[in-house]
Each structure stands twice: as structure tokens, then as C-alpha cells.
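A.B. asks: Encoded as C-alpha cells, here's the structure I'll be asking about.
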Amino acid sequence: MSGHSKWKNIMHKKEKTDAQRASVFTKIGKEISIAVKEGGADPVSNSKLRDLIAKAKQNNVPNDNIDRIIKKASAADAVEYEEITYEGYGPGGIAVIVAAATDNRNRTASDVRHFFDKYGGNLGTTGCVSYMFTDKGVIVVGYDEDDDGEIDEEQLMEDALEAGAADFSAEDGVFEIYTEPDDLSAVREALEAKKYPIISAEQDKIPSTYITLTDEEAIENMRDLIDHLEESDDVSQVYHNWEE
């Protein structure tokens with residue numbers, strides 16, 4: 001998994017402003033609404049909803065808010081969101097996938113295209129870059145900066161593999177566990193049962209190759225492209241193969 005670090009992405013997002021962090025609540029709310037529409041409001045029988053509830057809690061969304069979102073999504077007059085994926089290239093040929101959840105397809109498409117055009121990229125057709133990525137579940141285990149706890153790496157690796165994990169990496173006391181997409185829930189729940197401190201657990205797209213940018217203007221434009229896409233309430237996730 002060289003070149004990919006979910007933990008670095010999490011640290012980068014922690015540096016965002018309060019307003020940007022608040023938008024995370026909105027994004028997760030949309031994802032939960034879609035999961036409820038697709039599989040029902042019971043997390044016991046809806047594994048996607050179960051994973052999103054765990055994700056919401058990891059992002060400090062209050063339980064009352066989660067319950068309210070689920071109830072609202074179950075109502076007959078609930079807002080209908082649809083999931084859309086956009087693919088394209090950023091500066092220097094960086095492959096970019098944008099996952100969105102929206103109630104206005106035209107608005108979202110216009111915004112995404114605008115950001116690609118403004119920052120030296122171009123929006124492509126479906127399938128133009130997705131073949132470069134593999135869907136995985138990624139679980140990040142570790143303590144926050146204020147905690148003094150230590151994790152036994154060998155024991156964690158043994159427990160993760162026993163639970164069904166496919167790969168494992170460690171960096172600076174933080175551990176990233178990779179699973180097949182359908183195994184994410186089971187592995188996360190097994191590690192939670194053993195009281196491991198889980199920082200995040202969600203689906204990810206892992207690129208097969210990475211590109212390093214050397215031109216300063218291209219680097220600045222790529223950062224701006226990612227930042228503006230992530231700031232959009234319609235955008236759930238941004239995946240890319242930039243080796244930052």
C-alpha cells in the first residue's frame with residue numbers, strides 16, 4: 001500500500017476550520033439518508049447503515065443527530081438523494097474520482113466541472129480513471145495525540161488477520177488495516193470488541209500507481225482542486241493518485 005496513508009488524510013482534515021468540519025455532519029447525513037432508503041432504518045440488518053453510524057460517531061456527530069437523520073430519512077416526504085461518481089484528471093495527469101450525494105444533479109455536475117476547469121484539470125467520462133483504483137475497506141487504529149496508550153503491533157496484526165483483514169501497515173504508532181469491502185463491518189466490529197481505539201473505518205479507493213508533481217504551480221492547483229471539492233456539501237469523498 002505504498003504511497004497511500006489514510007491517517008495522513010485524516011490529519012489533514014483535522015486541520016480544517018470549524019465551518020469545514022461542520023460540513024462533515026451534512027455529508028454523513030446524506031450518506032445515512034441514502035443507506036436508509038436503500039436498506040431500511042435498522043442497522044442490525046443494514047450493514048451499510050451500521051458502518052455509517054460508526055463513521056458518524058468517529059466524527060463526533062451526536063447520537064441525537066444520528067437518530068434524527070435516520071427518522072427523517074424514513075419519512076414518506078424525505079429528500080431524495082442520489083449517489084453520482086465523476087472521474088477526471090487533475091494537474092499533471094493526476095487521476096481523480098469524486099463521489100457525490102446530491103438532490104440536484106445539474107448543480108453538482110456544474111460545480112465539479114467548474115473546479116476541474118479552474119484548477120488545471122479536466123472532467124472525463126465514466127471509467128476513464130476508475131480502472132486505476134481498487135475498492136477496499138480501510139480501518140485506522142491508534143490513539144489520539146493526548147492519549148498515552150500503546151498498541152501491541154503483533155497482537156493487533158494477529159487479531160486483524162484472524163477477523164478477516166487482507167493487509168496491514170504501521171507508521172508512527174498508527175496502524176492501517178485493509179479489508180475487502182464486504183468484510184469492513186465484521187473486521188471493525190471484531191477489533192472494537194477487543195477494545196482497540198479505532199480512529200476511522202470506511203470504504204476507500206486505493207490507486208495502483210502514484211504520480212509525484214514537481215511543478216509548484218501544479219502542486220498548488222492540485223491542493224486547491226482537492227480543497228474546493230471537499231468543501232462542497234454535495235461531495236462525499238475525493239480519491240486521487242497524487243503522491244503528496
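In the C-alpha cells, each chain is lettered A, B, ... as it comes, each chain's residues begin at 1, and ligands are numbered from 1 in order of appearance.
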Could you pull the residues within 12 Å of A:Glu82, counting only C-alpha atoms, minus those fewer than 2 positions along the same chain, as a VMD selection string?
C.D. replies: chain A and resid 30 to 35 37 to 38 79 to 80 84 to 85 99 to 106 108 234 to 236
A.B. asks: Just the selected residues (C-alpha atoms), exported as a CSV table (one decimal), in the first residue's frame, please.
C.D. replies:
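As written to disk, part_26.csv reads:
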chain,number,residue,atom,x,y,z
A,30,LYS,CA,-26.7,12.5,3.2
A,31,GLU,CA,-24.9,9.1,3.2
A,32,ILE,CA,-27.1,7.9,6.1
A,33,SER,CA,-30.2,9.0,4.3
A,34,ILE,CA,-29.3,7.1,1.1
A,35,ALA,CA,-28.4,4.0,3.2
A,37,LYS,CA,-33.6,4.4,1.6
A,38,GLU,CA,-31.7,1.5,0.2
A,79,VAL,CA,-35.5,14.4,0.4
A,80,GLU,CA,-34.3,12.1,-2.3
A,84,ILE,CA,-23.1,10.1,-8.5
A,85,THR,CA,-19.4,9.5,-9.4
A,99,ALA,CA,-18.1,10.6,-5.1
A,100,ALA,CA,-21.1,12.8,-4.6
A,101,ALA,CA,-24.6,12.6,-2.9
A,102,THR,CA,-27.0,15.2,-4.2
A,103,ASP,CA,-30.6,16.2,-4.6
A,104,ASN,CA,-29.7,18.3,-7.7
A,105,ARG,CA,-27.6,16.5,-10.3
A,106,ASN,CA,-27.2,19.6,-12.5
A,108,THR,CA,-23.4,19.2,-8.6
A,234,ASP,CA,-22.5,17.6,-2.3
A,235,VAL,CA,-19.1,15.9,-2.4
A,236,SER,CA,-18.8,12.8,-0.1
A.B. asks: So that I can check the secondary structure, give me every residue of stretch 42-143 of chain A assigned strand (DSSP E) by backbone DSSP, as an MDAnalysis selection string.
C.D. replies: chainID A and resid 82:89 95:102 122:123 133:141
A.B. asks: Would you export the selected residues with N, CA and C atoms as a PDB file, in the first residue's frame, please?
C.D. replies:
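Saved to result00.pdb:
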ATOM      1  N   GLU A  82     -29.263  11.169  -4.557  1.00  0.00           N
ATOM      2  CA  GLU A  82     -28.704  10.122  -5.399  1.00  0.00           C
ATOM      3  C   GLU A  82     -27.182  10.195  -5.355  1.00  0.00           C
ATOM      4  N   GLU A  83     -26.562   9.028  -5.492  1.00  0.00           N
ATOM      5  CA  GLU A  83     -25.109   8.964  -5.497  1.00  0.00           C
ATOM      6  C   GLU A  83     -24.606   9.028  -6.936  1.00  0.00           C
ATOM      7  N   ILE A  84     -23.658   9.918  -7.175  1.00  0.00           N
ATOM      8  CA  ILE A  84     -23.085  10.098  -8.515  1.00  0.00           C
ATOM      9  C   ILE A  84     -21.561  10.092  -8.388  1.00  0.00           C
ATOM     10  N   THR A  85     -20.897   9.476  -9.343  1.00  0.00           N
ATOM     11  CA  THR A  85     -19.439   9.459  -9.364  1.00  0.00           C
ATOM     12  C   THR A  85     -18.930  10.176 -10.606  1.00  0.00           C
ATOM     13  N   TYR A  86     -17.978  11.086 -10.397  1.00  0.00           N
ATOM     14  CA  TYR A  86     -17.336  11.807 -11.503  1.00  0.00           C
ATOM     15  C   TYR A  86     -15.872  11.384 -11.573  1.00  0.00           C
ATOM     16  N   GLU A  87     -15.352  11.329 -12.779  1.00  0.00           N
ATOM     17  CA  GLU A  87     -13.953  10.961 -12.973  1.00  0.00           C
ATOM     18  C   GLU A  87     -13.273  11.993 -13.861  1.00  0.00           C
ATOM     19  N   GLY A  88     -11.991  12.214 -13.597  1.00  0.00           N
ATOM     20  CA  GLY A  88     -11.263  13.166 -14.423  1.00  0.00           C
ATOM     21  C   GLY A  88      -9.793  13.194 -14.069  1.00  0.00           C
ATOM     22  N   TYR A  89      -9.129  14.212 -14.590  1.00  0.00           N
ATOM     23  CA  TYR A  89      -7.691  14.370 -14.374  1.00  0.00           C
ATOM     24  C   TYR A  89      -7.411  15.737 -13.774  1.00  0.00           C
ATOM     25  N   ALA A  95      -4.998  11.263 -11.509  1.00  0.00           N
ATOM     26  CA  ALA A  95      -6.321  10.641 -11.623  1.00  0.00           C
ATOM     27  C   ALA A  95      -7.168  11.040 -10.415  1.00  0.00           C
ATOM     28  N   VAL A  96      -8.390  11.489 -10.670  1.00  0.00           N
ATOM     29  CA  VAL A  96      -9.270  11.953  -9.592  1.00  0.00           C
ATOM     30  C   VAL A  96     -10.658  11.332  -9.755  1.00  0.00           C
ATOM     31  N   ILE A  97     -11.183  10.801  -8.647  1.00  0.00           N
ATOM     32  CA  ILE A  97     -12.561  10.313  -8.603  1.00  0.00           C
ATOM     33  C   ILE A  97     -13.295  11.105  -7.530  1.00  0.00           C
ATOM     34  N   VAL A  98     -14.460  11.626  -7.889  1.00  0.00           N
ATOM     35  CA  VAL A  98     -15.273  12.411  -6.961  1.00  0.00           C
ATOM     36  C   VAL A  98     -16.582  11.672  -6.719  1.00  0.00           C
ATOM     37  N   ALA A  99     -16.829  11.288  -5.473  1.00  0.00           N
ATOM     38  CA  ALA A  99     -18.093  10.646  -5.105  1.00  0.00           C
ATOM     39  C   ALA A  99     -19.002  11.700  -4.496  1.00  0.00           C
ATOM     40  N   ALA A 100     -20.214  11.808  -5.031  1.00  0.00           N
ATOM     41  CA  ALA A 100     -21.147  12.844  -4.579  1.00  0.00           C
ATOM     42  C   ALA A 100     -22.490  12.248  -4.175  1.00  0.00           C
ATOM     43  N   ALA A 101     -23.179  12.949  -3.281  1.00  0.00           N
ATOM     44  CA  ALA A 101     -24.551  12.612  -2.896  1.00  0.00           C
ATOM     45  C   ALA A 101     -25.352  13.905  -2.998  1.00  0.00           C
ATOM     46  N   THR A 102     -26.333  13.939  -3.887  1.00  0.00           N
ATOM     47  CA  THR A 102     -26.984  15.210  -4.192  1.00  0.00           C
ATOM     48  C   THR A 102     -28.480  15.060  -4.452  1.00  0.00           C
ATOM     49  N   ASN A 122      -9.330  18.418 -16.012  1.00  0.00           N
ATOM     50  CA  ASN A 122     -10.473  18.279 -16.914  1.00  0.00           C
ATOM     51  C   ASN A 122     -11.302  17.073 -16.511  1.00  0.00           C
ATOM     52  N   LEU A 123     -12.610  17.276 -16.553  1.00  0.00           N
ATOM     53  CA  LEU A 123     -13.550  16.214 -16.198  1.00  0.00           C
ATOM     54  C   LEU A 123     -13.626  15.234 -17.363  1.00  0.00           C
ATOM     55  N   PHE A 133      -8.006   2.188  -9.748  1.00  0.00           N
ATOM     56  CA  PHE A 133      -8.266   2.107  -8.314  1.00  0.00           C
ATOM     57  C   PHE A 133      -8.919   0.781  -7.948  1.00  0.00           C
ATOM     58  N   THR A 134      -8.660   0.333  -6.720  1.00  0.00           N
ATOM     59  CA  THR A 134      -9.289  -0.873  -6.187  1.00  0.00           C
ATOM     60  C   THR A 134     -10.066  -0.512  -4.936  1.00  0.00           C
ATOM     61  N   ASP A 135     -11.307  -0.973  -4.848  1.00  0.00           N
ATOM     62  CA  ASP A 135     -12.124  -0.706  -3.666  1.00  0.00           C
ATOM     63  C   ASP A 135     -11.644  -1.546  -2.484  1.00  0.00           C
ATOM     64  N   LYS A 136     -11.426  -0.889  -1.344  1.00  0.00           N
ATOM     65  CA  LYS A 136     -11.002  -1.564  -0.120  1.00  0.00           C
ATOM     66  C   LYS A 136     -11.703  -0.939   1.074  1.00  0.00           C
ATOM     67  N   GLY A 137     -11.788  -1.697   2.148  1.00  0.00           N
ATOM     68  CA  GLY A 137     -12.147  -1.119   3.432  1.00  0.00           C
ATOM     69  C   GLY A 137     -10.848  -0.750   4.138  1.00  0.00           C
ATOM     70  N   VAL A 138     -10.817   0.410   4.783  1.00  0.00           N
ATOM     71  CA  VAL A 138      -9.605   0.841   5.495  1.00  0.00           C
ATOM     72  C   VAL A 138      -9.979   1.216   6.923  1.00  0.00           C
ATOM     73  N   ILE A 139      -9.335   0.553   7.876  1.00  0.00           N
ATOM     74  CA  ILE A 139      -9.557   0.824   9.298  1.00  0.00           C
ATOM     75  C   ILE A 139      -8.271   1.408   9.869  1.00  0.00           C
ATOM     76  N   VAL A 140      -8.377   2.567  10.491  1.00  0.00           N
ATOM     77  CA  VAL A 140      -7.216   3.196  11.122  1.00  0.00           C
ATOM     78  C   VAL A 140      -7.334   3.015  12.633  1.00  0.00           C
ATOM     79  N   VAL A 141      -6.312   2.413  13.213  1.00  0.00           N
ATOM     80  CA  VAL A 141      -6.297   2.139  14.647  1.00  0.00           C
ATOM     81  C   VAL A 141      -5.132   2.891  15.285  1.00  0.00           C
TER      82      VAL A 141
END
A.B. asks: Can you tell me, as a VMD selection string, which residues in stretch 53-192 of chain A count as alpha helix (DSSP H) by DSSP?
C.D. replies: chain A and resid 53 to 58 63 to 74 105 to 118 153 to 163 184 to 192
A.B. asks: Output N, CA and C atoms of each residue in that selection to a file, as a short mmCIF file (atom, residue, chain, number, x, y, z; two decimals), in the first residue's frame.
C.D. replies:
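As a result, again.cif now contains:
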data_model
loop_
_atom_site.label_atom_id
_atom_site.label_comp_id
_atom_site.auth_asym_id
_atom_site.auth_seq_id
_atom_site.Cartn_x
_atom_site.Cartn_y
_atom_site.Cartn_z
N ILE A 53 -23.13 4.79 10.78
CA ILE A 53 -23.34 5.23 12.16
C ILE A 53 -22.01 5.24 12.91
N ALA A 54 -21.21 4.20 12.69
CA ALA A 54 -19.88 4.15 13.31
C ALA A 54 -19.02 5.32 12.82
N LYS A 55 -19.09 5.59 11.51
CA LYS A 55 -18.34 6.71 10.93
C LYS A 55 -18.79 8.03 11.53
N ALA A 56 -20.10 8.20 11.71
CA ALA A 56 -20.64 9.43 12.29
C ALA A 56 -20.12 9.63 13.72
N LYS A 57 -20.11 8.55 14.49
CA LYS A 57 -19.62 8.65 15.87
C LYS A 57 -18.13 8.97 15.92
N GLN A 58 -17.36 8.40 14.97
CA GLN A 58 -15.93 8.68 14.92
C GLN A 58 -15.67 10.14 14.57
N ASN A 63 -25.35 11.44 19.07
CA ASN A 63 -26.33 10.36 18.85
C ASN A 63 -27.70 10.89 18.49
N ASP A 64 -28.12 12.00 19.13
CA ASP A 64 -29.43 12.59 18.83
C ASP A 64 -29.52 12.99 17.36
N ASN A 65 -28.42 13.54 16.84
CA ASN A 65 -28.41 13.94 15.43
C ASN A 65 -28.53 12.72 14.51
N ILE A 66 -27.83 11.66 14.87
CA ILE A 66 -27.88 10.43 14.06
C ILE A 66 -29.30 9.88 14.04
N ASP A 67 -29.92 9.80 15.22
CA ASP A 67 -31.30 9.29 15.32
C ASP A 67 -32.26 10.15 14.51
N ARG A 68 -32.06 11.46 14.56
CA ARG A 68 -32.94 12.39 13.85
C ARG A 68 -32.80 12.22 12.33
N ILE A 69 -31.56 12.03 11.86
CA ILE A 69 -31.32 11.82 10.42
C ILE A 69 -32.01 10.55 9.95
N ILE A 70 -31.88 9.46 10.73
CA ILE A 70 -32.48 8.18 10.35
C ILE A 70 -34.00 8.30 10.31
N LYS A 71 -34.57 8.97 11.31
CA LYS A 71 -36.03 9.14 11.37
C LYS A 71 -36.52 9.98 10.19
N LYS A 72 -35.79 11.05 9.90
CA LYS A 72 -36.17 11.94 8.80
C LYS A 72 -36.08 11.21 7.46
N ALA A 73 -35.03 10.37 7.30
CA ALA A 73 -34.85 9.64 6.04
C ALA A 73 -35.92 8.58 5.84
N SER A 74 -36.52 8.13 6.95
CA SER A 74 -37.55 7.09 6.88
C SER A 74 -38.92 7.65 6.54
N ARG A 105 -28.72 17.04 -9.46
CA ARG A 105 -27.64 16.53 -10.30
C ARG A 105 -26.98 17.65 -11.13
N ASN A 106 -27.77 18.55 -11.68
CA ASN A 106 -27.23 19.61 -12.53
C ASN A 106 -26.32 20.55 -11.75
N ARG A 107 -26.76 20.91 -10.54
CA ARG A 107 -25.95 21.80 -9.71
C ARG A 107 -24.60 21.17 -9.39
N THR A 108 -24.63 19.92 -8.98
CA THR A 108 -23.41 19.24 -8.57
C THR A 108 -22.45 19.06 -9.75
N ALA A 109 -22.98 18.65 -10.89
CA ALA A 109 -22.14 18.47 -12.08
C ALA A 109 -21.49 19.78 -12.49
N SER A 110 -22.25 20.87 -12.42
CA SER A 110 -21.73 22.19 -12.79
C SER A 110 -20.60 22.61 -11.85
N ASP A 111 -20.79 22.39 -10.54
CA ASP A 111 -19.77 22.77 -9.55
C ASP A 111 -18.50 21.95 -9.75
N VAL A 112 -18.65 20.64 -9.91
CA VAL A 112 -17.48 19.78 -10.07
C VAL A 112 -16.70 20.15 -11.33
N ARG A 113 -17.41 20.35 -12.43
CA ARG A 113 -16.75 20.73 -13.69
C ARG A 113 -16.02 22.07 -13.54
N HIS A 114 -16.65 23.00 -12.84
CA HIS A 114 -16.05 24.33 -12.63
C HIS A 114 -14.71 24.20 -11.90
N PHE A 115 -14.65 23.38 -10.85
CA PHE A 115 -13.41 23.24 -10.09
C PHE A 115 -12.32 22.57 -10.92
N PHE A 116 -12.67 21.56 -11.69
CA PHE A 116 -11.67 20.92 -12.55
C PHE A 116 -11.12 21.94 -13.56
N ASP A 117 -12.00 22.71 -14.18
CA ASP A 117 -11.56 23.69 -15.19
C ASP A 117 -10.71 24.78 -14.56
N LYS A 118 -11.11 25.25 -13.39
CA LYS A 118 -10.43 26.38 -12.76
C LYS A 118 -9.01 26.03 -12.31
N GLU A 153 1.73 -4.17 18.33
CA GLU A 153 1.59 -4.31 16.87
C GLU A 153 1.35 -5.75 16.44
N GLU A 154 2.13 -6.67 16.99
CA GLU A 154 1.99 -8.07 16.59
C GLU A 154 0.63 -8.63 16.97
N GLN A 155 0.14 -8.25 18.17
CA GLN A 155 -1.15 -8.74 18.61
C GLN A 155 -2.28 -8.17 17.75
N LEU A 156 -2.16 -6.87 17.43
CA LEU A 156 -3.17 -6.24 16.58
C LEU A 156 -3.19 -6.89 15.20
N MET A 157 -2.01 -7.12 14.64
CA MET A 157 -1.96 -7.75 13.31
C MET A 157 -2.58 -9.14 13.35
N GLU A 158 -2.28 -9.90 14.39
CA GLU A 158 -2.85 -11.24 14.54
C GLU A 158 -4.37 -11.17 14.66
N ASP A 159 -4.87 -10.25 15.49
CA ASP A 159 -6.32 -10.12 15.68
C ASP A 159 -7.01 -9.66 14.40
N ALA A 160 -6.37 -8.73 13.67
CA ALA A 160 -6.96 -8.21 12.44
C ALA A 160 -7.04 -9.30 11.37
N LEU A 161 -5.96 -10.03 11.19
CA LEU A 161 -5.95 -11.09 10.17
C LEU A 161 -6.93 -12.20 10.53
N GLU A 162 -7.01 -12.49 11.82
CA GLU A 162 -7.95 -13.53 12.28
C GLU A 162 -9.40 -13.09 12.01
N ALA A 163 -9.65 -11.78 12.08
CA ALA A 163 -11.00 -11.26 11.86
C ALA A 163 -11.36 -11.18 10.38
N LEU A 184 -15.50 -5.13 5.79
CA LEU A 184 -15.19 -3.98 6.64
C LEU A 184 -15.94 -4.04 7.97
N SER A 185 -17.25 -4.26 7.92
CA SER A 185 -18.05 -4.26 9.15
C SER A 185 -17.57 -5.32 10.13
N ALA A 186 -17.37 -6.54 9.63
CA ALA A 186 -17.00 -7.65 10.51
C ALA A 186 -15.65 -7.41 11.17
N VAL A 187 -14.68 -6.91 10.40
CA VAL A 187 -13.34 -6.67 10.96
C VAL A 187 -13.40 -5.52 11.97
N ARG A 188 -14.09 -4.44 11.62
CA ARG A 188 -14.22 -3.31 12.55
C ARG A 188 -14.86 -3.75 13.85
N GLU A 189 -15.95 -4.49 13.76
CA GLU A 189 -16.66 -4.93 14.98
C GLU A 189 -15.81 -5.87 15.82
N ALA A 190 -15.02 -6.73 15.17
CA ALA A 190 -14.14 -7.64 15.92
C ALA A 190 -13.07 -6.86 16.67
N LEU A 191 -12.52 -5.82 16.06
CA LEU A 191 -11.49 -5.01 16.71
C LEU A 191 -12.09 -4.14 17.81
N GLU A 192 -13.30 -3.64 17.57
CA GLU A 192 -13.99 -2.86 18.61
C GLU A 192 -14.26 -3.74 19.84
#
A.B. asks: Just the residues within 6 Å of A:Gly90, please, counting only C-alpha atoms, with nothing from its chain fewer than 3 positions along; format it as a list in words.
C.D. replies: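 The residues satisfying every condition are Gly93, Ile94 and Gly121 of chain A.
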